[in-house]
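Listing of upload07.txt, compact mmCIF, C-alpha atoms and all ligand atoms
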```txt
# COMPACT_ATOMS: atom_id res chain seq x y z
CA MET A 1 -79.77 -17.82 33.20
CA SER A 2 -76.54 -19.15 31.73
CA ASN A 3 -74.24 -21.37 33.70
CA LEU A 4 -71.24 -19.48 32.28
CA ALA A 5 -69.67 -16.96 34.64
CA LEU A 6 -69.10 -14.54 31.77
CA LEU A 7 -72.86 -14.49 31.18
CA GLY A 8 -73.81 -14.14 34.84
CA GLY A 9 -73.52 -17.71 36.14
CA PRO A 10 -71.44 -18.80 39.15
CA PRO A 11 -67.65 -19.02 38.54
CA ALA A 12 -66.04 -22.46 38.68
CA LEU A 13 -63.47 -21.15 41.16
CA ALA A 14 -64.75 -18.47 43.51
CA HIS A 15 -61.66 -17.74 45.61
CA ARG A 16 -58.32 -16.16 44.77
CA LEU A 17 -55.32 -18.43 44.31
CA ARG A 18 -52.37 -18.28 46.65
CA PRO A 19 -48.88 -17.89 45.17
CA TYR A 20 -46.75 -21.04 45.32
CA SER A 21 -43.70 -20.76 47.54
CA SER A 22 -40.76 -23.13 47.24
CA VAL A 23 -39.03 -21.52 50.23
CA SER A 24 -39.16 -23.02 53.71
CA VAL A 25 -37.46 -22.95 57.08
CA ARG A 26 -34.44 -24.78 55.61
CA GLU A 27 -33.59 -21.76 53.42
CA ARG A 28 -34.07 -19.44 56.40
CA GLU A 29 -31.58 -21.45 58.45
CA ALA A 30 -29.09 -21.59 55.58
CA VAL A 31 -29.24 -17.83 55.13
CA ALA A 32 -28.98 -17.22 58.88
CA SER A 33 -25.74 -19.17 59.09
CA VAL A 34 -24.23 -17.13 56.25
CA ILE A 35 -25.27 -13.93 58.01
CA ASP A 36 -23.68 -15.18 61.23
CA SER A 37 -20.45 -15.79 59.32
CA GLY A 38 -20.34 -12.08 58.37
CA CYS A 39 -19.12 -12.91 54.86
CA LEU A 40 -21.91 -12.28 52.37
CA SER A 41 -19.72 -12.69 49.28
CA GLY A 42 -16.44 -14.54 49.02
CA TYR A 43 -15.15 -13.07 45.75
CA TYR A 44 -12.02 -11.09 44.91
CA GLY A 45 -11.51 -9.82 41.36
CA THR A 46 -7.90 -10.97 41.36
CA TRP A 47 -6.27 -14.37 40.88
CA GLY A 48 -6.32 -16.82 43.78
CA LYS A 49 -8.79 -19.07 45.53
CA GLU A 50 -11.24 -16.17 46.01
CA PHE A 51 -11.39 -15.55 42.25
CA PHE A 52 -13.80 -18.50 42.18
CA GLY A 53 -16.11 -17.26 44.96
CA GLY A 54 -16.85 -18.17 48.57
CA PRO A 55 -17.61 -21.55 50.14
CA GLN A 56 -21.38 -21.46 49.50
CA VAL A 57 -20.94 -20.57 45.82
CA ARG A 58 -18.38 -23.29 45.32
CA ALA A 59 -20.51 -25.86 47.18
CA LEU A 60 -23.53 -24.97 45.03
CA GLU A 61 -21.47 -25.35 41.86
CA SER A 62 -20.08 -28.67 42.97
CA ASN A 63 -23.52 -30.06 43.95
CA TRP A 64 -25.03 -28.73 40.73
CA ALA A 65 -22.35 -30.38 38.62
CA GLU A 66 -22.87 -33.67 40.42
CA SER A 67 -26.64 -33.48 40.24
CA PHE A 68 -26.66 -32.73 36.49
CA ASP A 69 -23.78 -35.08 35.76
CA VAL A 70 -21.52 -32.46 34.16
CA PRO A 71 -17.91 -31.66 35.08
CA TYR A 72 -18.35 -27.87 35.29
CA ALA A 73 -21.04 -25.61 36.73
CA VAL A 74 -20.43 -21.86 36.96
CA ALA A 75 -22.76 -19.84 39.20
CA VAL A 76 -23.82 -16.36 38.06
CA ASN A 77 -26.25 -13.72 39.28
CA SER A 78 -28.91 -14.37 36.60
CA ALA A 79 -29.57 -16.47 33.52
CA THR A 80 -29.24 -13.27 31.52
CA SER A 81 -25.67 -12.90 32.83
CA GLY A 82 -25.19 -16.59 32.11
CA LEU A 83 -26.28 -16.14 28.50
CA PHE A 84 -23.96 -13.15 28.04
CA ALA A 85 -21.06 -15.12 29.56
CA ALA A 86 -21.86 -18.15 27.39
CA LEU A 87 -21.87 -16.14 24.15
CA GLY A 88 -18.65 -14.45 25.23
CA ALA A 89 -16.98 -17.74 26.13
CA ALA A 90 -18.10 -19.20 22.79
CA GLY A 91 -16.01 -16.49 21.13
CA ILE A 92 -18.87 -14.71 19.35
CA SER A 93 -17.41 -11.83 17.31
CA PRO A 94 -19.01 -8.94 15.40
CA GLY A 95 -20.87 -10.22 12.33
CA ASP A 96 -21.08 -13.84 13.54
CA GLU A 97 -24.53 -15.30 13.06
CA VAL A 98 -26.35 -16.91 15.97
CA ILE A 99 -29.52 -18.89 15.25
CA VAL A 100 -32.28 -18.24 17.78
CA PRO A 101 -36.00 -18.97 18.12
CA PRO A 102 -38.41 -16.03 18.13
CA LEU A 103 -40.53 -17.35 21.01
CA THR A 104 -38.44 -16.87 24.14
CA MET A 105 -37.61 -14.40 26.86
CA SER A 106 -35.80 -11.46 25.26
CA ALA A 107 -32.45 -12.08 26.98
CA THR A 108 -31.87 -15.16 24.77
CA VAL A 109 -31.74 -12.93 21.71
CA MET A 110 -29.96 -9.95 23.32
CA ALA A 111 -26.96 -12.09 24.30
CA PRO A 112 -25.44 -12.33 20.79
CA LEU A 113 -25.92 -8.58 20.27
CA ILE A 114 -23.73 -7.79 23.27
CA TYR A 115 -20.78 -9.20 21.28
CA GLY A 116 -21.86 -7.76 17.93
CA GLY A 117 -23.37 -11.09 16.88
CA ILE A 118 -26.34 -11.19 14.50
CA PRO A 119 -29.47 -12.98 15.74
CA VAL A 120 -30.90 -15.12 12.92
CA PHE A 121 -34.45 -16.23 13.66
CA ALA A 122 -35.54 -19.77 12.84
CA ASP A 123 -39.18 -20.75 13.26
CA VAL A 124 -40.50 -23.18 15.86
CA GLU A 125 -42.45 -26.45 15.77
CA PRO A 126 -46.21 -25.98 16.04
CA ASP A 127 -46.60 -28.62 18.76
CA THR A 128 -43.57 -28.22 21.07
CA PHE A 129 -42.90 -24.52 20.34
CA CYS A 130 -39.14 -25.21 20.24
CA LEU A 131 -36.76 -24.75 17.27
CA ASP A 132 -37.79 -26.50 14.06
CA LEU A 133 -34.91 -28.56 12.65
CA ALA A 134 -35.63 -27.78 9.00
CA ALA A 135 -35.80 -24.06 9.78
CA VAL A 136 -32.45 -24.29 11.57
CA GLU A 137 -30.84 -26.16 8.66
CA ALA A 138 -32.15 -23.52 6.26
CA ALA A 139 -30.72 -20.72 8.41
CA ILE A 140 -27.15 -22.11 8.51
CA THR A 141 -24.54 -20.15 6.54
CA PRO A 142 -20.73 -20.06 6.65
CA LYS A 143 -21.15 -17.24 9.18
CA THR A 144 -23.15 -19.37 11.65
CA ARG A 145 -21.16 -19.51 14.86
CA ALA A 146 -23.74 -20.69 17.40
CA ILE A 147 -27.29 -22.01 17.81
CA ILE A 148 -29.25 -21.12 20.92
CA ALA A 149 -31.91 -23.75 21.58
CA VAL A 150 -34.55 -22.70 24.09
CA ASN A 151 -36.18 -25.50 26.05
CA LEU A 152 -39.45 -23.63 26.19
CA PHE A 153 -42.15 -23.95 28.87
CA GLY A 154 -40.39 -26.98 30.40
CA HIS A 155 -39.98 -29.12 27.27
CA PRO A 156 -36.62 -29.89 25.64
CA ALA A 157 -35.95 -28.75 22.09
CA ARG A 158 -34.71 -31.48 19.69
CA LEU A 159 -31.38 -31.30 21.47
CA ARG A 160 -29.57 -34.38 20.20
CA GLU A 161 -30.38 -33.51 16.60
CA LEU A 162 -29.50 -29.84 17.12
CA ARG A 163 -26.18 -30.91 18.60
CA GLU A 164 -25.52 -32.98 15.47
CA ILE A 165 -26.34 -30.01 13.25
CA ALA A 166 -24.10 -27.76 15.35
CA ASP A 167 -21.18 -30.18 15.30
CA ARG A 168 -21.53 -30.70 11.57
CA SER A 169 -21.56 -26.91 11.01
CA GLU A 170 -18.69 -26.20 13.42
CA ALA A 171 -21.08 -24.16 15.54
CA ILE A 172 -21.60 -24.13 19.28
CA LEU A 173 -24.93 -25.34 20.66
CA ILE A 174 -26.05 -23.24 23.62
CA GLU A 175 -29.12 -24.36 25.55
CA ASP A 176 -31.22 -21.68 27.20
CA ASN A 177 -32.59 -24.02 29.82
CA ALA A 178 -33.93 -21.26 32.09
CA GLN A 179 -37.42 -22.79 32.13
CA SER A 180 -36.57 -26.48 32.10
CA ALA A 181 -34.44 -27.64 35.03
CA LEU A 182 -34.83 -31.43 35.40
CA ALA A 183 -36.38 -31.87 31.97
CA SER A 184 -34.71 -34.53 29.83
CA GLU A 185 -34.36 -36.01 26.38
CA GLN A 186 -33.56 -39.73 25.99
CA GLY A 187 -32.38 -39.88 29.59
CA HIS A 188 -30.06 -36.90 29.24
CA ARG A 189 -30.77 -33.80 31.29
CA ALA A 190 -31.81 -30.71 29.35
CA GLY A 191 -29.05 -28.12 29.67
CA THR A 192 -26.26 -30.70 29.37
CA ILE A 193 -26.60 -31.80 25.74
CA GLY A 194 -25.33 -28.58 24.18
CA HIS A 195 -21.76 -27.29 24.57
CA LEU A 196 -23.14 -24.81 27.13
CA GLY A 197 -26.39 -24.81 29.12
CA ILE A 198 -27.90 -21.94 31.09
CA PHE A 199 -30.29 -22.24 34.02
CA SER A 200 -32.26 -19.46 35.71
CA LEU A 201 -32.76 -19.15 39.44
CA ASN A 202 -35.06 -16.14 39.33
CA TYR A 203 -38.17 -16.03 41.47
CA HIS A 204 -40.51 -17.29 38.75
CA LYS A 205 -38.68 -20.51 37.91
CA HIS A 206 -39.15 -23.99 39.46
CA ILE A 207 -36.37 -23.40 41.98
CA HIS A 208 -34.94 -20.01 42.76
CA THR A 209 -32.57 -17.87 44.77
CA GLY A 210 -34.45 -14.61 44.19
CA GLU A 211 -32.11 -13.80 41.31
CA GLY A 212 -29.45 -16.20 40.09
CA GLY A 213 -28.29 -18.50 37.34
CA MET A 214 -25.98 -21.38 36.48
CA VAL A 215 -24.02 -22.25 33.35
CA VAL A 216 -22.88 -25.83 32.76
CA THR A 217 -20.40 -27.27 30.29
CA HIS A 218 -18.32 -30.39 29.62
CA ASP A 219 -15.39 -28.30 28.38
CA SER A 220 -12.68 -27.07 30.77
CA ASP A 221 -11.61 -24.24 28.45
CA LEU A 222 -15.17 -22.92 28.18
CA ALA A 223 -15.55 -23.20 31.97
CA LEU A 224 -12.44 -21.08 32.58
CA ARG A 225 -13.64 -18.48 30.09
CA LEU A 226 -17.03 -18.33 31.81
CA GLN A 227 -15.30 -17.83 35.15
CA ALA A 228 -13.15 -15.05 33.66
CA ILE A 229 -16.10 -13.22 32.11
CA ARG A 230 -18.00 -13.55 35.39
CA ASN A 231 -15.31 -11.85 37.43
CA HIS A 232 -13.22 -9.12 35.72
CA GLY A 233 -11.27 -11.65 33.65
CA GLU A 234 -9.04 -8.96 32.10
CA ASN A 235 -7.03 -8.92 35.34
CA VAL A 236 -6.24 -12.62 35.50
CA VAL A 237 -5.59 -13.84 31.96
CA LEU A 238 -1.83 -14.15 32.60
CA GLU A 239 -2.13 -16.15 35.83
CA ALA A 240 -5.03 -18.21 34.46
CA GLY A 241 -3.00 -19.09 31.37
CA ILE A 242 -5.66 -17.76 28.97
CA LYS A 243 -3.85 -17.23 25.66
CA ASP A 244 -6.80 -16.31 23.43
CA LEU A 245 -7.89 -12.88 24.67
CA THR A 246 -11.15 -12.89 22.66
CA ASN A 247 -14.01 -11.54 24.81
CA MET A 248 -11.95 -11.53 28.00
CA VAL A 249 -13.45 -8.16 28.91
CA GLY A 250 -14.94 -9.10 32.27
CA PHE A 251 -18.13 -8.25 34.11
CA ASN A 252 -19.33 -8.65 37.66
CA PHE A 253 -21.79 -11.55 37.32
CA ARG A 254 -21.00 -12.89 40.80
CA MET A 255 -23.56 -14.66 42.98
CA THR A 256 -23.63 -13.78 46.70
CA GLU A 257 -23.07 -16.32 49.47
CA LEU A 258 -26.66 -15.67 50.60
CA SER A 259 -28.10 -16.66 47.23
CA ALA A 260 -25.83 -19.70 46.99
CA ALA A 261 -26.91 -20.88 50.46
CA VAL A 262 -30.55 -20.69 49.34
CA GLY A 263 -29.63 -22.41 46.08
CA LEU A 264 -28.09 -25.38 47.90
CA VAL A 265 -31.39 -26.09 49.66
CA GLN A 266 -33.46 -25.44 46.53
CA LEU A 267 -31.32 -27.81 44.48
CA ASP A 268 -31.71 -30.46 47.16
CA GLU A 269 -35.52 -30.10 46.98
CA ALA A 270 -35.75 -29.53 43.22
CA GLU A 271 -37.27 -32.91 42.31
CA ARG A 272 -40.10 -32.37 44.80
CA HIS A 273 -40.94 -28.91 43.41
CA VAL A 274 -40.76 -30.10 39.83
CA SER A 275 -42.86 -33.24 40.45
CA ALA A 276 -45.60 -31.09 41.98
CA ARG A 277 -45.74 -28.96 38.82
CA ILE A 278 -45.85 -32.06 36.62
CA GLU A 279 -48.78 -33.43 38.61
CA ILE A 280 -50.77 -30.22 38.09
CA ALA A 281 -50.04 -30.18 34.39
CA GLU A 282 -50.93 -33.83 33.87
CA TYR A 283 -54.25 -33.29 35.64
CA LEU A 284 -55.07 -30.37 33.36
CA THR A 285 -54.02 -32.33 30.28
CA GLN A 286 -56.33 -35.16 31.34
CA ALA A 287 -59.14 -32.64 31.81
CA THR A 288 -58.93 -31.43 28.20
CA ARG A 289 -59.11 -34.94 26.78
CA GLY A 290 -61.89 -35.08 24.18
CA LEU A 291 -62.58 -31.34 24.13
CA GLU A 292 -62.65 -30.55 20.43
CA GLY A 293 -60.46 -27.65 19.31
CA LEU A 294 -58.30 -27.60 22.46
CA PHE A 295 -54.80 -29.08 22.46
CA PRO A 296 -52.83 -29.62 25.68
CA PRO A 297 -49.00 -29.71 25.62
CA GLN A 298 -47.42 -32.42 23.53
CA VAL A 299 -44.58 -34.43 25.04
CA ARG A 300 -42.14 -35.94 22.56
CA THR A 301 -41.27 -39.62 22.95
CA ASP A 302 -38.43 -40.14 25.43
CA CYS A 303 -38.75 -36.61 26.81
CA ARG A 304 -39.57 -35.34 30.27
CA HIS A 305 -41.65 -32.14 30.31
CA VAL A 306 -41.37 -30.20 33.59
CA TYR A 307 -44.14 -27.67 32.88
CA TYR A 308 -42.80 -24.27 33.75
CA THR A 309 -46.13 -23.45 32.12
CA TRP A 310 -49.01 -25.62 31.00
CA THR A 311 -50.18 -24.53 27.56
CA LEU A 312 -53.40 -24.90 25.70
CA ARG A 313 -53.47 -24.43 21.95
CA VAL A 314 -56.80 -23.17 20.70
CA ASP A 315 -57.88 -24.11 17.17
CA ALA A 316 -60.53 -21.44 16.70
CA LYS A 317 -62.12 -23.16 13.71
CA ALA A 318 -62.52 -26.53 15.40
CA LEU A 319 -63.64 -24.87 18.62
CA GLY A 320 -66.02 -22.52 16.84
CA LEU A 321 -64.79 -19.60 18.94
CA PRO A 322 -61.81 -17.24 18.68
CA ARG A 323 -59.16 -17.55 21.41
CA ARG A 324 -60.01 -14.07 22.68
CA VAL A 325 -63.58 -15.00 23.61
CA PHE A 326 -62.66 -18.44 24.96
CA SER A 327 -60.04 -16.76 27.13
CA ARG A 328 -62.47 -14.17 28.51
CA ALA A 329 -64.93 -16.87 29.45
CA LEU A 330 -62.20 -18.97 31.10
CA ALA A 331 -60.93 -15.95 33.06
CA ALA A 332 -64.47 -15.24 34.30
CA GLU A 333 -64.56 -18.81 35.66
CA GLY A 334 -61.51 -17.97 37.81
CA PHE A 335 -58.89 -19.86 35.77
CA PRO A 336 -55.84 -17.55 35.60
CA HIS A 337 -53.96 -17.66 32.30
CA VAL A 338 -52.36 -15.49 29.67
CA GLN A 339 -53.09 -15.25 25.93
CA GLY A 340 -49.97 -15.71 23.86
CA TYR A 341 -46.44 -15.66 25.29
CA VAL A 342 -44.22 -12.82 24.06
CA ALA A 343 -44.60 -11.42 20.56
CA PRO A 344 -41.95 -12.94 18.24
CA LEU A 345 -38.85 -11.03 19.26
CA TYR A 346 -37.92 -9.76 15.80
CA LEU A 347 -40.95 -7.47 16.13
CA LEU A 348 -39.20 -5.53 18.93
CA PRO A 349 -38.39 -1.88 18.05
CA LEU A 350 -34.70 -2.77 18.33
CA PHE A 351 -34.95 -5.02 15.25
CA GLN A 352 -37.55 -3.01 13.38
CA HIS A 353 -35.37 0.12 13.65
CA ARG A 354 -32.05 -1.77 13.53
CA ARG A 355 -30.60 0.05 16.50
CA ALA A 356 -28.82 -1.98 19.21
CA ILE A 357 -25.27 -1.05 20.27
CA GLY A 358 -24.34 2.60 19.82
CA SER A 359 -26.19 4.97 17.52
CA ASP A 360 -24.95 3.94 14.06
CA GLY A 361 -26.90 0.67 13.76
CA PHE A 362 -24.17 -1.72 14.91
CA PRO A 363 -24.19 -4.70 14.56
CA PHE A 364 -26.95 -4.59 11.91
CA THR A 365 -24.55 -2.61 9.74
CA LEU A 366 -22.76 -5.97 9.29
CA THR A 367 -25.70 -7.89 7.83
CA GLU A 368 -28.28 -7.88 5.07
CA ARG A 369 -30.66 -9.91 7.22
CA ALA A 370 -34.14 -8.42 7.43
CA TYR A 371 -36.53 -8.72 10.37
CA GLU A 372 -39.89 -8.27 8.67
CA PRO A 373 -43.22 -9.31 10.14
CA GLY A 374 -44.07 -12.74 8.71
CA LEU A 375 -40.50 -14.00 9.18
CA CYS A 376 -41.61 -16.91 11.41
CA PRO A 377 -45.27 -17.67 10.62
CA VAL A 378 -45.66 -20.54 13.09
CA ALA A 379 -44.42 -18.44 16.00
CA GLU A 380 -46.68 -15.56 14.96
CA ARG A 381 -49.74 -17.80 14.69
CA LEU A 382 -49.03 -19.38 18.08
CA HIS A 383 -48.59 -16.05 19.79
CA PHE A 384 -51.32 -14.01 18.14
CA ASP A 385 -54.02 -16.67 17.60
CA GLU A 386 -53.53 -19.97 19.36
CA LEU A 387 -51.63 -20.14 22.64
CA LEU A 388 -53.02 -19.83 26.14
CA PHE A 389 -50.84 -20.57 29.06
CA PHE A 390 -51.15 -21.19 32.75
CA GLU A 391 -48.13 -20.59 34.98
CA THR A 392 -47.85 -23.79 36.95
CA CYS A 393 -44.91 -22.43 38.96
CA ALA A 394 -46.85 -19.39 40.15
CA TYR A 395 -49.79 -20.85 42.08
CA ASP A 396 -50.36 -23.08 45.04
CA VAL A 397 -53.13 -25.28 43.74
CA GLY A 398 -54.55 -28.43 45.33
CA LYS A 399 -57.25 -30.89 44.36
CA PRO A 400 -60.20 -28.44 44.78
CA GLU A 401 -58.59 -25.84 42.51
CA LEU A 402 -57.66 -28.43 39.91
CA GLU A 403 -61.20 -29.78 39.89
CA ALA A 404 -62.48 -26.23 39.48
CA PHE A 405 -60.09 -25.64 36.53
CA ALA A 406 -61.25 -28.87 34.88
CA ASN A 407 -64.82 -27.82 35.46
CA ALA A 408 -64.11 -24.37 33.99
CA LEU A 409 -62.63 -25.88 30.82
CA ARG A 410 -65.59 -28.21 30.37
CA LYS A 411 -68.18 -25.53 31.17
CA VAL A 412 -66.79 -23.04 28.68
CA HIS A 413 -66.33 -25.74 26.06
CA ASP A 414 -69.87 -27.08 26.48
CA GLY A 415 -71.42 -23.61 26.56
CA ARG A 416 -69.39 -22.14 23.71
CA ARG A 417 -72.41 -21.63 21.46
CA GLU A 418 -73.86 -19.20 24.01
CA LEU A 419 -70.72 -17.08 23.53
CA LEU A 420 -71.09 -16.66 19.79
CA ASP A 421 -72.74 -13.25 20.23
CA LEU A 422 -69.51 -11.97 21.79
CA THR A 423 -67.41 -12.83 18.75
CA SER A 424 -68.55 -10.01 16.49
C1 LIG A 501 -36.29 -16.41 32.81
C2 LIG A 501 -35.62 -16.59 31.52
C3 LIG A 501 -34.39 -16.00 31.21
C4 LIG A 501 -33.74 -14.96 32.07
O1 LIG A 501 -33.54 -15.39 33.38
P1 LIG A 501 -32.99 -14.37 34.48
O2 LIG A 501 -32.42 -15.28 35.52
O3 LIG A 501 -34.17 -13.60 34.97
O4 LIG A 501 -31.98 -13.51 33.88
C5 LIG A 501 -33.79 -16.31 30.01
N1 LIG A 501 -34.36 -17.14 29.13
C6 LIG A 501 -35.56 -17.71 29.37
C7 LIG A 501 -36.14 -18.64 28.35
C8 LIG A 501 -36.24 -17.44 30.57
O5 LIG A 501 -37.42 -17.99 30.79
```
Entire entry expressed as structure tokens:
Amino acid sequence: MSNLALLGGPPALAHRLRPYSSVSVREREAVASVIDSGCLSGYYGTWGKEFFGGPQVRALESNWAESFDVPYAVAVNSATSGLFAALGAAGISPGDEVIVPPLTMSATVMAPLIYGGIPVFADVEPDTFCLDLAAVEAAITPKTRAIIAVNLFGHPARLRELREIADRSEAILIEDNAQSALASEQGHRAGTIGHLGIFSLNYHKHIHTGEGGMVVTHDSDLALRLQAIRNHGENVVLEAGIKDLTNMVGFNFRMTELSAAVGLVQLDEAERHVSARIEIAEYLTQATRGLEGLFPPQVRTDCRHVYYTWTLRVDAKALGLPRRVFSRALAAEGFPHVQGYVAPLYLLPLFQHRRAIGSDGFPFTLTERAYEPGLCPVAERLHFDELLFFETCAYDVGKPELEAFANALRKVHDGRRELLDLTS
């Protein structure tokens, strides 16, 4: 009988994995004290101290700014809200082009559309999966108003170089840093190298408040605009001294005191949570050493990868097995993972049918840009043929599980010839 679980052998990991929890008694106590105070949100939508939120929200912002070494941090109720506020604050107007990568969570690419901006897709690097500099350069036109760099899976995009391109092109660099808190490039924290950086505090990220987000910036004008968009800014532009009324139509993107209280503890413990994920990832990377056809995540020189996910790139030719079959065999061994990430976003019905805001095709009525399949071949190949990923933030794994995962990788790799019958 085969040793491979898919062919009837014993699985490398026989028990189910527990979900990882970053929440402890400290968060419970923090929330309890907010409940005892009776004030679960400190906001008013009018000018005054309360325009900026309650004491927990303001403490979280102040600690966040200090921790990330930026002058301004603006708390919001999700990274999606943060992205919308960032694009609004950046002054995006109908017809403005915003360069985005195709491999990201959809909110990155929806944010420009909210303001009538045109997402322009630039392909990614085959090894870090973040924006490719040459593709970005080629996508720049006189209409380019912003670049959204996504620090994907925990690894920073080429941020310093993207910032140079943005500055040279009079565009704003926005970092979608939802997946990469505490990552860095050349000693600078990811999220703080662009003009604006967005963090997510949703349940699936390294640290979380259930739902939540943070936007950071070095620019006081951008910070005030973010605060206005977050909280019904239309009412306060006079008192706030905001002269340029562009995009000062406000929302309610306010974080509650409860979430902020949790966030204060999570931020305090962030390095511990992140280090634990890095340890898991580095173990798995070590375990794939020398396995032909399998490529663990690449870390660029001078970068810190924080492994929101640990990826494995499968070269089917070198491995002698398509990803699909390798993945089935790995799953049978008890190693949880996903094939691909999200399909390149220009393949969404919204782009294929050019229908976003209203029913007449706005804002696509303002552009000749096409969104055909094949637009970003590297992203398509990664998603459809090569990538496997393991969510390091999702599971509580210790030494026994890691050893089982390493064993699973080796077993399937060694026994891959036995799986050839399944490829037809
Ligand atoms: C999670 C995520 C978001 C959205 O975060 P929310 O807080 O859930 O709105 C945006 N971009 C990326 C890359 C993400 O991973």
(message) Please identify all protein, DNA and RNA residues within 7 Å of ligand LIG 501 (chain A), counting all atoms listed in the file, and report them as a ChimeraX atom specification.
(response) /A:78-81,104-105,107-108,150,152,176-179,200-202,205,211-213
(request) Identify which of the residues A:Trp47, A:Tyr308, A:Phe129, A:Phe405 lies closest to Gly340 in chain A, counting all atoms listed in the file when measuring atom-to-atom distances. (result) A:Phe129
(request) Determine, counting all atoms listed in the file, which protein, DNA and RNA residues have an atom within 10 Å of an atom of Thr365 in chain A; residues of the same chain fewer than 5 positions away are not included. Present the result as a PyMOL selection string. (result) chain A and resi 95+118+354-355+360
(message) My list of candidates is A:Gly53, A:Gly45, A:Gly187, A:Gly9. Which is closest to Arg160 in chain A when distances are computed with all atoms listed in the file?
(response) A:Gly187
(message) Taking 5 positions as the minimum chain separation for residues in the same chain, which residues sit within 6 Å of Phe121 in chain A when counting all atoms listed in the file? Answer as a list in words.
(response) Ile99, Val100, Pro101 and Pro102 of chain A
Sorted by chain and rising residue number, which residues of range 170-276 of chain A lie within 12 Å of range 59-66 of chain A, and what are their closest atom pairs and distances in Å to one decimal, counting all atoms listed in the file, as CSV?
```
residue,atom,partner,partner_atom,distance
A:Ala181,CA,A:Trp64,CA,11.1
A:Leu182,CA,A:Trp64,CA,11.5
A:Arg189,CA,A:Ala65,CA,11.7
A:Gly191,CA,A:Ala65,CA,11.4
A:Thr192,CA,A:Ala65,CA,10.0
A:Gly197,CA,A:Ala65,CA,11.7
A:Phe199,CA,A:Trp64,CA,10.7
A:Thr209,CA,A:Leu60,CA,11.5
A:Gly212,CA,A:Leu60,CA,11.7
A:Gly213,CA,A:Glu61,CA,10.7
A:Met214,CA,A:Glu61,CA,8.1
A:Val215,CA,A:Glu61,CA,9.4
A:Val216,CA,A:Ala65,CA,7.4
A:Thr217,CA,A:Ala65,CA,9.1
A:His218,CA,A:Ala65,CA,9.9
A:Ala223,CA,A:Glu61,CA,11.7
A:Gln227,CA,A:Glu61,CA,11.8
A:Met255,CA,A:Leu60,CA,10.5
A:Thr256,CA,A:Leu60,CA,11.3
A:Glu257,CA,A:Leu60,CA,9.7
A:Leu258,CA,A:Leu60,CA,11.3
A:Ser259,CA,A:Leu60,CA,9.7
A:Ala260,CA,A:Leu60,CA,6.1
A:Ala261,CA,A:Leu60,CA,7.6
A:Val262,CA,A:Leu60,CA,9.3
A:Gly263,CA,A:Leu60,CA,6.7
A:Leu264,CA,A:Leu60,CA,5.4
A:Val265,CA,A:Leu60,CA,9.2
A:Gln266,CA,A:Leu60,CA,10.1
A:Leu267,CA,A:Trp64,CA,7.4
A:Asp268,CA,A:Asn63,CA,8.8
A:Ala270,CA,A:Trp64,CA,11.0
```
(request) Tell me, in Å to one decimal, how far CA of Ala139 in chain A is from CA of Ala122 in chain A. (result) 6.6 Å
(request) Figure out the distance between CA of Val98 in chain A and CA of Pro112 in chain A, please, to one decimal in Å. (result) 6.7 Å
(request) Quick one: pull the distance between CA of Thr144 in chain A and CA of Tyr346 in chain A, Å, one decimal. (result)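 These two atoms are separated by 18.1 Å.
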(request) Write out as a list of chain:residue names the residues lying within 8 Å of Pro322 in chain A, counting all atoms listed in the file and excluding same-chain residues fewer than 4 positions away. (result) A:Ala316, A:Lys317, A:Phe326, A:Asp385, A:Thr423
Please save C-alpha atoms of the selected residues as a PDB file, in the coordinates of the input.
```
ATOM      1  CA  ALA A 316     -60.530 -21.440  16.700  1.00  0.00           C
ATOM      2  CA  LYS A 317     -62.120 -23.160  13.710  1.00  0.00           C
ATOM      3  CA  PHE A 326     -62.660 -18.440  24.960  1.00  0.00           C
ATOM      4  CA  ASP A 385     -54.020 -16.670  17.600  1.00  0.00           C
ATOM      5  CA  THR A 423     -67.410 -12.830  18.750  1.00  0.00           C
TER       6      THR A 423
END
```
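If you measure from each of A:Tyr283, A:Tyr395, A:Tyr341, A:Phe384 to Asn407 in chain A using all atoms listed in the file, the closest one turns out to be A:Tyr283.
Residue neighbourhood of Ser327 in chain A, excluding near-sequence residues (fewer than 4 positions): Arg323, Ala331, Gln339 and Leu388 of chain A, at 8 Å, using only C-alpha atoms.
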(message) When you look at Asn252 in chain A with a cut-off of 8 Å (counting all atoms listed in the file), what residues show up, excluding the ones that are within fewer than 5 positions of it in the same chain? I need them as a ChimeraX atom specification.
(response) /A:229-232
(request) Rank A:Arg313, A:Lys243, A:His206, A:His305 by their smallest atom-to-atom distance to Asp221 in chain A, using all atoms listed in the file, and report the top residue only. (result)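 Checking each of A:Arg313, A:Lys243, A:His206, A:His305 against Asp221 in chain A, counting all atoms listed in the file, the winner is A:Lys243.
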Given 8 Å on each side, where is the centre and what are the edge lengths in Å to one decimal of the axis-aligned box enclosing the listed atoms of range 357-373 of chain A, as JSON?
```
{"center_x": -33.0, "center_y": -2.5, "center_z": 12.7, "size_x": 36.5, "size_y": 30.9, "size_z": 31.2}
```
(request) Quick one: residues within 12 Å of (-40.4, -24.9, 12.3) (file frame), counting all atoms listed in the file, please, as a ChimeraX atom specification. (result) /A:100-103,121-139,157-158,375-382
(request) Could you tell me which of A:Ile174, A:Arg324, A:Gly250, A:Ile165 comes closest to Leu83 in chain A if we count only C-alpha atoms? (result)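 Checking each candidate against Leu83 in chain A, we get A:Ile174 as the closest.
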